[in-house]
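A.B. asks: Provided herewith is a single structure, encoded as structure tokens, for subsequent inquiry.
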Amino acid sequence: MLDIKYLRKNVLEAEQRLQNRGVSPDKLTELLTLDKERRDTIQSVENLKADRNAASDKIAYAKRNKEDASDAIAAMQKVSAKIKALDLRQTELDDQVQNLAAHFPNLAAPDVPVGTDEAANVEQRVWEPENYQSRPHALLESPEWLKAHYDVGEALGILDFERGAKVSGARFLYYVGDGARLERAVYNFMLDEHRKEGYTEMITPIVVNDSAMFGTGQYPKFQEDAYRVEGLDQTYIPTAEVPLTNYYSGETIPSDQLPIKFTALSPSFRKEAGAAGKDTRGLIRLHQFNKVEMVKFTKPEQSYKELESMTNNAENILQKLGLPYHVIMLSTGDMGFSAAKTYDVEVWMPQQNLYREISSVSNTEDFQARRMHITYRDDNNKLQLVHTLNGSGLAVGRTVAAILENYQNEDGSVTIPEVLQPYMGGQEKLVATPHY
RNA sequence: GGAGAUAUGGCACAAUCCGGUACUGCAACGGACUCGAAAUCCGUCGAGCCGCUUAUAGCGGUGUGCGGGUUCAAAUCCCGCUAUCUCCUCCA
């Protein structure tokens with residue numbers, strides 16, 4: 001949620017910044033008009049209430065002295081009727097202002113490139129392992145035997161998309177045998193790495209209420225992509241960002257505890273409405289996938305430093321796994337609803353010959369904190385909104401996909417990245433196993 | 001799932017039956033005493049949110065778990081909801 005006082009006082013600047021995020025200036029005018037009417041109504045009703053409070057005192061005083069107060073009561077009956085009508089009007093206007101404001105995306109930080117889509121994104125840096133040139137995957141033209149991760153997985157008998165579709169539907173799968181073991185190794189490795197960086201590990205509810213979904217900005221605008229429990233005020237989380245960030249909703253965090261860092265593995269559920277036909281095969285786009293998430297609560301002055309370090313925490317995982325990647329800064333048109341600034345980390349997929357998003361790290365500044373009412377006390381003991389950040393660290397399924405493509409061998413086997421071998425009982429390779 | 005109870009400031013509580021300025025204590029803050037501190041004494045203290053204005057402040061509104069209703073007036077009466085506790089039932 002944006003600060004309506006800021007919008008009121010900086011109309012021209014706000015119009016421009018909103019336009020950068022694809023919001024027409026008309027919307028702002030509409031909001032501010034409603035807001036003005038709302039404030040006028042408040043003033044009228046508050047004057048009446050002040051009168052009524054004074055009159056009520058007099059009535060109470062008269063009654064205590066056994067005096068007649070029926071004239072005053074009759075007069076107040078009329079005033080109260082007026083107050084009731086105005087209160088009703090004010091509630092309507094409050095709702096309208098809130099509903100409208102709830103659909104405004106966050107404003108972008110000043111250094112975010114302005115653009116309408118991903119074409120305006122700006123590459124920040126590229127990384128690949130030192131010995132990467134020695135592997136065939138780095139060749140500009142992939143060798144013929146190089147397979148897509150889903151073909152590797154199916155040939156090894158460790159990914160079963162068919163049975164996933166049979167039992168659940170499209171975009172669901174079973175991991176089988178070493179596949180399940182590899183997935184488990186990957187997320188255990190990620191959680192251990194984040195723990196070393198000072199993140200507190202959490203296991204969260206994976207069903208949350210509407211107010212939590214509103215708090216992080218999924219609701220009210222993006223309900224069609226969510227798995228909502230029918231007839232209940234509950235939704236299967238699209239990301240652990242929701243329960244992790246809402247952990248402190250409505251609370252004041254003691255300022256000496258900031259910054260606070262959480263990490264959690266959770267399944268993520270997405271309907272992928274509007275993505276029909278995209279990435280229909282493999283682990284890239286599923287209705288249910290595992291993700292290790294990172295969340296931070298910080299003071300405003302430290303949030304951008306923490307954004308950089310959170311991005312580095314995501315990169316660290318890929319570096320230790322030896323997977324090539326690059327980091328891009330998203331443009332104003334490509335960022336998510338709640339973000340003020342976002343870095344995407346994209347991993348190299350040699351068979352597709354392109355980078356795929358494997359992590360998205362955002363600073364939402366006080367946008368989510370204002371929706372959730374998460375505050376701290378500053379040096380003057382005044383309540384201020386915290387800044388919240390979130391990032392994937394990383395999408396587990398996509399990491400498995402990247403390993404299968406980057407570490408596959410000509411004989412169809414897959415070498416297990418060294419850092420994962422201790423998590424797989426010392427196993428060094430995935431080879432085809434008899435299957436069920 | 002069934003029955004009962006509870007929800008009031010940072011904390012602990014009173015007022016609820018029978019509607020009329022939300023009591024008191026602790027904590028906190030300011031001051032006195034003291035070389036200093038403790039103790040003691042005096043004073044202040046409804047957080048947050050909203051609006052207005054002469055804007056580091058002042059005034060007003062709101063505010064007794066949440067949402068409604070009745071009333072000139074609701075912590076108090078009525079309806080709905082949520083959470084917590086106890087017991088029963090069930091269960092991993």
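Identifiers in this document derive from the order of the structure tokens: chains are assigned A, B, ..., residues are numbered from 1 separately in each chain, and ligands are numbered from 1 in order of occurrence.
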Taking 6 positions as the minimum chain separation for residues in the same chain, which residues sit within 9 Å of segment 1-14 of chain B when counting only C-alpha atoms (C1' of nucleotides)? Answer as a short mmCIF file (atom, residue, chain, number, x, y, z; two decimals) with C-alpha atoms (C1' of nucleotides), in the first residue's frame.
C.D. replies:
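For reference, result.cif as written:
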```
data_model
loop_
_atom_site.label_atom_id
_atom_site.label_comp_id
_atom_site.auth_asym_id
_atom_site.auth_seq_id
_atom_site.Cartn_x
_atom_site.Cartn_y
_atom_site.Cartn_z
"C1'" A B 22 -12.71 3.25 32.44
"C1'" C B 23 -10.55 2.31 39.22
"C1'" U B 24 -6.07 0.82 41.31
"C1'" G B 25 -1.18 -1.23 41.40
"C1'" C B 26 3.42 -2.30 38.75
"C1'" A B 27 6.42 -0.51 34.88
"C1'" A B 28 7.78 4.05 32.25
"C1'" G B 46 -4.73 5.26 26.56
"C1'" A B 47 -0.82 2.74 22.79
"C1'" U B 64 -12.51 -1.97 26.56
"C1'" G B 65 -10.72 -9.05 21.09
"C1'" A B 75 -16.71 -1.85 28.64
"C1'" A B 83 -8.82 -16.36 19.44
"C1'" U B 84 -7.36 -18.52 24.07
"C1'" C B 85 -8.17 -21.84 28.41
"C1'" U B 86 -10.64 -26.27 30.83
"C1'" C B 87 -13.32 -30.83 30.20
"C1'" C B 88 -15.32 -34.54 26.73
"C1'" U B 89 -14.74 -36.80 21.83
"C1'" C B 90 -11.34 -37.85 17.87
#
```
A.B. asks: Please determine the contact residues of chain B with respect to chain A at a cut-off of 8 Å, counting only C-alpha atoms (C1' of nucleotides), and supply them as a CSV table (one decimal) with all heavy atoms, in the first residue's frame.
C.D. replies:
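Listed below is the output, selection.csv:
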```csv
chain,number,residue,atom,x,y,z
B,20,G,P,-23.1,3.3,33.8
B,20,G,OP1,-21.7,2.9,33.9
B,20,G,OP2,-24.0,3.4,35.0
B,20,G,O5',-23.1,4.8,33.2
B,20,G,C5',-22.3,5.1,32.1
B,20,G,C4',-22.1,6.6,31.9
B,20,G,O4',-23.4,7.2,31.4
B,20,G,C3',-21.9,7.4,33.2
B,20,G,O3',-21.0,8.4,32.9
B,20,G,C2',-23.2,7.9,33.6
B,20,G,O2',-23.2,9.1,34.4
B,20,G,C1',-23.8,8.2,32.2
B,20,G,N9,-25.3,8.2,32.1
B,20,G,C8,-26.2,7.6,33.0
B,20,G,N7,-27.4,7.8,32.6
B,20,G,C5,-27.3,8.5,31.4
B,20,G,C6,-28.3,9.0,30.5
B,20,G,O6,-29.5,8.8,30.6
B,20,G,N1,-27.8,9.7,29.4
B,20,G,C2,-26.4,9.9,29.2
B,20,G,N2,-26.1,10.6,28.2
B,20,G,N3,-25.5,9.5,30.1
B,20,G,C4,-26.0,8.8,31.1
B,51,G,P,-6.0,11.3,7.7
B,51,G,OP1,-6.0,11.3,6.2
B,51,G,OP2,-4.7,11.4,8.3
B,51,G,O5',-6.8,12.5,8.2
B,51,G,C5',-8.1,12.7,7.7
B,51,G,C4',-8.8,13.8,8.5
B,51,G,O4',-8.9,13.5,9.9
B,51,G,C3',-8.1,15.2,8.5
B,51,G,O3',-8.3,15.9,7.3
B,51,G,C2',-8.7,15.8,9.7
B,51,G,O2',-10.0,16.3,9.4
B,51,G,C1',-8.8,14.6,10.7
B,51,G,N9,-7.7,14.5,11.6
B,51,G,C8,-6.6,13.7,11.5
B,51,G,N7,-5.8,13.8,12.5
B,51,G,C5,-6.3,14.9,13.3
B,51,G,C6,-5.8,15.5,14.5
B,51,G,O6,-4.8,15.2,15.1
B,51,G,N1,-6.6,16.5,14.9
B,51,G,C2,-7.8,16.9,14.3
B,51,G,N2,-8.5,17.9,14.8
B,51,G,N3,-8.3,16.3,13.2
B,51,G,C4,-7.5,15.3,12.7
B,52,C,P,-7.2,17.0,6.9
B,52,C,OP1,-7.6,17.4,5.6
B,52,C,OP2,-5.8,16.4,7.1
B,52,C,O5',-7.4,18.2,7.9
B,52,C,C5',-8.6,18.9,8.0
B,52,C,C4',-8.6,19.9,9.1
B,52,C,O4',-8.4,19.1,10.4
B,52,C,C3',-7.4,20.8,9.2
B,52,C,O3',-7.6,22.0,8.4
B,52,C,C2',-7.4,21.2,10.7
B,52,C,O2',-8.4,22.1,11.0
B,52,C,C1',-7.7,19.8,11.3
B,52,C,N1,-6.5,19.1,11.7
B,52,C,C2,-5.9,19.4,12.9
B,52,C,O2,-6.4,20.4,13.6
B,52,C,N3,-4.8,18.7,13.3
B,52,C,C4,-4.3,17.8,12.5
B,52,C,N4,-3.3,17.1,13.0
B,52,C,C5,-5.0,17.4,11.3
B,52,C,C6,-6.0,18.1,10.9
B,60,G,P,-9.8,19.2,22.9
B,60,G,OP1,-10.8,19.6,23.8
B,60,G,OP2,-8.6,18.3,23.3
B,60,G,O5',-10.4,18.5,21.6
B,60,G,C5',-11.6,19.1,21.1
B,60,G,C4',-11.9,18.4,19.7
B,60,G,O4',-10.8,18.5,18.8
B,60,G,C3',-12.3,16.9,19.8
B,60,G,O3',-13.6,16.6,20.3
B,60,G,C2',-12.1,16.5,18.3
B,60,G,O2',-13.2,17.0,17.5
B,60,G,C1',-10.8,17.4,18.0
B,60,G,N9,-9.6,16.5,18.1
B,60,G,C8,-8.7,16.6,19.1
B,60,G,N7,-7.7,15.7,19.0
B,60,G,C5,-8.0,15.0,17.8
B,60,G,C6,-7.4,14.0,17.2
B,60,G,O6,-6.3,13.4,17.5
B,60,G,N1,-8.1,13.6,16.0
B,60,G,C2,-9.2,14.1,15.6
B,60,G,N2,-9.7,13.6,14.5
B,60,G,N3,-9.9,15.1,16.2
B,60,G,C4,-9.2,15.5,17.3
B,61,G,P,-13.9,15.2,20.9
B,61,G,OP1,-15.3,15.3,21.4
B,61,G,OP2,-12.8,14.9,21.9
B,61,G,O5',-13.8,14.2,19.7
B,61,G,C5',-14.8,14.3,18.7
B,61,G,C4',-14.4,13.3,17.6
B,61,G,O4',-13.1,13.6,17.1
B,61,G,C3',-14.3,11.9,18.0
B,61,G,O3',-15.6,11.3,18.2
B,61,G,C2',-13.5,11.3,16.9
B,61,G,O2',-14.3,11.1,15.7
B,61,G,C1',-12.5,12.4,16.6
B,61,G,N9,-11.3,12.1,17.4
B,61,G,C8,-10.8,12.8,18.5
B,61,G,N7,-9.7,12.3,18.9
B,61,G,C5,-9.4,11.3,18.1
B,61,G,C6,-8.2,10.5,18.0
B,61,G,O6,-7.2,10.4,18.7
B,61,G,N1,-8.3,9.6,16.9
B,61,G,C2,-9.3,9.5,16.0
B,61,G,N2,-9.2,8.6,15.0
B,61,G,N3,-10.4,10.3,16.1
B,61,G,C4,-10.3,11.2,17.1
B,72,C,P,-32.8,7.9,21.5
B,72,C,OP1,-34.0,8.6,22.0
B,72,C,OP2,-32.7,7.5,20.1
B,72,C,O5',-31.5,8.8,21.8
B,72,C,C5',-31.2,9.9,20.9
B,72,C,C4',-30.0,10.6,21.5
B,72,C,O4',-30.5,11.3,22.7
B,72,C,C3',-28.9,9.8,22.0
B,72,C,O3',-28.0,9.5,20.9
B,72,C,C2',-28.2,10.7,23.0
B,72,C,O2',-27.4,11.7,22.4
B,72,C,C1',-29.4,11.3,23.7
B,72,C,N1,-29.8,10.5,24.9
B,72,C,C2,-29.1,10.6,26.0
B,72,C,O2,-28.0,11.3,26.0
B,72,C,N3,-29.5,9.9,27.1
B,72,C,C4,-30.6,9.2,27.1
B,72,C,N4,-31.0,8.6,28.2
B,72,C,C5,-31.4,9.2,25.9
B,72,C,C6,-31.0,9.8,24.9
B,73,A,P,-27.4,8.0,20.7
B,73,A,OP1,-26.5,8.0,19.5
B,73,A,OP2,-28.5,7.0,20.9
B,73,A,O5',-26.4,7.9,22.0
B,73,A,C5',-25.3,8.7,22.1
B,73,A,C4',-24.6,8.5,23.5
B,73,A,O4',-25.5,8.9,24.5
B,73,A,C3',-24.3,7.0,23.8
B,73,A,O3',-23.1,6.7,23.3
B,73,A,C2',-24.3,7.1,25.3
B,73,A,O2',-23.0,7.6,25.8
B,73,A,C1',-25.4,8.1,25.6
B,73,A,N9,-26.6,7.5,26.0
B,73,A,C8,-27.7,7.3,25.1
B,73,A,N7,-28.7,6.7,25.7
B,73,A,C5,-28.3,6.4,27.0
B,73,A,C6,-28.9,5.8,28.1
B,73,A,N6,-30.1,5.3,28.1
B,73,A,N1,-28.2,5.8,29.3
B,73,A,C2,-26.9,6.3,29.3
B,73,A,N3,-26.3,6.9,28.3
B,73,A,C4,-27.0,6.9,27.2
```
A.B. asks: Can you tell me, as a PDB file with C-alpha atoms, in the first residue's frame, what residues are no more than 7 Å from Ile260 of chain A when counting only C-alpha atoms (C1' of nucleotides), ignoring any on the same chain fewer than 4 positions away?
C.D. replies:
```
ATOM      1  CA  LYS A 296      14.153  -9.936   5.955  1.00  0.00           C
ATOM      2  CA  PHE A 297      12.760  -7.185   8.170  1.00  0.00           C
ATOM      3  CA  THR A 298      15.015  -4.132   8.292  1.00  0.00           C
TER       4      THR A 298
END
```
A.B. asks: With a distance cut-off of 12 Å and only C-alpha atoms (C1' of nucleotides), select the neighbouring residues of Ile253 of chain A, excluding the residue or stretch itself and same-chain residues fewer than 5 positions from it, and output the selection as a short mmCIF file (atom, residue, chain, number, x, y, z; two decimals) with N, CA, C and O atoms, in the first residue's frame.
C.D. replies:
```cif
data_model
loop_
_atom_site.label_atom_id
_atom_site.label_comp_id
_atom_site.auth_asym_id
_atom_site.auth_seq_id
_atom_site.Cartn_x
_atom_site.Cartn_y
_atom_site.Cartn_z
N TYR A 247 4.50 -13.11 9.62
CA TYR A 247 4.84 -13.57 10.98
C TYR A 247 4.70 -12.43 11.98
O TYR A 247 4.19 -12.60 13.07
N TYR A 248 5.15 -11.24 11.59
CA TYR A 248 5.13 -10.08 12.49
C TYR A 248 3.98 -9.12 12.21
O TYR A 248 4.00 -7.98 12.69
N LEU A 258 16.55 -5.79 14.79
CA LEU A 258 16.62 -5.64 13.33
C LEU A 258 18.08 -5.60 12.86
O LEU A 258 18.93 -5.04 13.57
N PRO A 259 18.42 -6.11 11.71
CA PRO A 259 17.52 -6.81 10.79
C PRO A 259 17.26 -8.25 11.23
O PRO A 259 18.12 -8.88 11.83
N ILE A 260 16.05 -8.74 10.91
CA ILE A 260 15.67 -10.12 11.20
C ILE A 260 15.63 -10.89 9.88
O ILE A 260 15.13 -10.38 8.88
N PHE A 297 13.38 -8.40 7.64
CA PHE A 297 12.76 -7.19 8.17
C PHE A 297 13.90 -6.25 8.56
O PHE A 297 14.78 -6.66 9.32
N THR A 298 13.90 -5.03 8.02
CA THR A 298 15.01 -4.13 8.29
C THR A 298 14.54 -2.73 8.60
O THR A 298 13.38 -2.37 8.36
N LYS A 299 15.46 -1.91 9.13
CA LYS A 299 15.20 -0.47 9.21
C LYS A 299 15.32 0.09 7.80
O LYS A 299 16.08 -0.44 6.98
N ALA A 369 4.80 -3.55 4.72
CA ALA A 369 4.72 -3.22 6.15
C ALA A 369 3.51 -2.33 6.42
O ALA A 369 2.87 -2.44 7.47
N HIS A 373 0.98 -3.49 8.92
CA HIS A 373 1.23 -2.77 10.17
C HIS A 373 2.38 -3.37 10.95
O HIS A 373 2.21 -3.77 12.11
N ILE A 374 3.54 -3.47 10.33
CA ILE A 374 4.73 -3.91 11.05
C ILE A 374 5.63 -2.70 11.28
O ILE A 374 6.03 -2.03 10.32
N THR A 375 5.90 -2.42 12.55
CA THR A 375 6.62 -1.20 12.89
C THR A 375 7.82 -1.49 13.78
O THR A 375 8.00 -2.62 14.26
N TYR A 376 8.63 -0.47 14.00
CA TYR A 376 9.69 -0.51 15.02
C TYR A 376 9.79 0.90 15.57
O TYR A 376 9.19 1.83 15.01
N ARG A 377 10.52 1.09 16.67
CA ARG A 377 10.70 2.44 17.23
C ARG A 377 12.06 2.97 16.82
O ARG A 377 13.07 2.33 17.04
N ASP A 378 12.06 4.17 16.22
CA ASP A 378 13.33 4.74 15.77
C ASP A 378 14.06 5.40 16.94
O ASP A 378 13.63 5.29 18.09
N LEU A 383 7.20 5.49 16.27
CA LEU A 383 6.91 4.30 15.48
C LEU A 383 7.15 4.58 14.00
O LEU A 383 6.70 5.60 13.47
N GLN A 384 7.84 3.69 13.36
CA GLN A 384 8.07 3.78 11.92
C GLN A 384 7.79 2.42 11.31
O GLN A 384 7.93 1.39 11.98
N LEU A 385 7.43 2.42 10.03
CA LEU A 385 7.24 1.15 9.34
C LEU A 385 8.60 0.52 9.04
O LEU A 385 9.55 1.23 8.70
N VAL A 386 8.71 -0.79 9.19
CA VAL A 386 9.94 -1.48 8.79
C VAL A 386 9.95 -1.62 7.27
O VAL A 386 8.97 -1.31 6.59
N HIS A 387 11.07 -2.02 6.73
CA HIS A 387 11.13 -2.43 5.33
C HIS A 387 11.16 -3.96 5.30
O HIS A 387 11.76 -4.59 6.17
#
```
A.B. asks: Using DSSP assignments from the backbone, pull out every residue in segment 227-302 of chain A that falls under alpha helix (DSSP H) and give it to me as a count of residues only.
C.D. replies: 5
A.B. asks: According to DSSP computed on the backbone, where in segment 198-250 of chain A is there strand (DSSP E or B)? Give the residues as a PyMOL selection string.
C.D. replies: chain A and resi 200-202+207-209+227-228+234-236
A.B. asks: Which neighbours of C42 of chain B fall inside 12 Å, counting only C-alpha atoms (C1' of nucleotides), when residues of the same chain fewer than 6 positions from it are skipped, and could you give them as a list in words?
C.D. replies: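 In the requested format, the answer is G30, G31, A32 and C33 of chain B.
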A.B. asks: Just to be explicit: take each residue in the selection above, keep N, CA, C and O atoms (P, O5', C5', C4', C3', O3' and C1' of nucleotides), and write the result as a CSV table (one decimal), in the first residue's frame.
C.D. replies:
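The file below, result.csv, is the result:
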```csv
chain,number,residue,atom,x,y,z
B,30,G,P,13.3,11.1,32.2
B,30,G,O5',12.5,12.3,32.9
B,30,G,C5',12.1,13.4,32.2
B,30,G,C4',11.4,14.4,33.0
B,30,G,C3',12.1,14.8,34.3
B,30,G,O3',13.1,15.8,34.1
B,30,G,C1',9.8,14.3,34.8
B,31,G,P,14.4,15.7,35.2
B,31,G,O5',13.7,16.2,36.6
B,31,G,C5',13.3,17.5,36.8
B,31,G,C4',12.5,17.7,38.0
B,31,G,C3',13.3,17.5,39.3
B,31,G,O3',14.1,18.6,39.7
B,31,G,C1',11.2,16.4,39.5
B,32,A,P,15.3,18.4,40.7
B,32,A,O5',14.6,18.2,42.1
B,32,A,C5',13.9,19.2,42.7
B,32,A,C4',13.4,18.8,44.0
B,32,A,C3',14.4,18.2,45.0
B,32,A,O3',15.1,19.3,45.7
B,32,A,C1',12.6,16.7,44.9
B,33,C,P,16.7,19.2,46.0
B,33,C,O5',16.8,18.0,47.1
B,33,C,C5',16.2,18.2,48.4
B,33,C,C4',16.2,16.9,49.1
B,33,C,C3',17.6,16.2,49.2
B,33,C,O3',18.4,16.8,50.3
B,33,C,C1',16.0,14.6,48.6
```
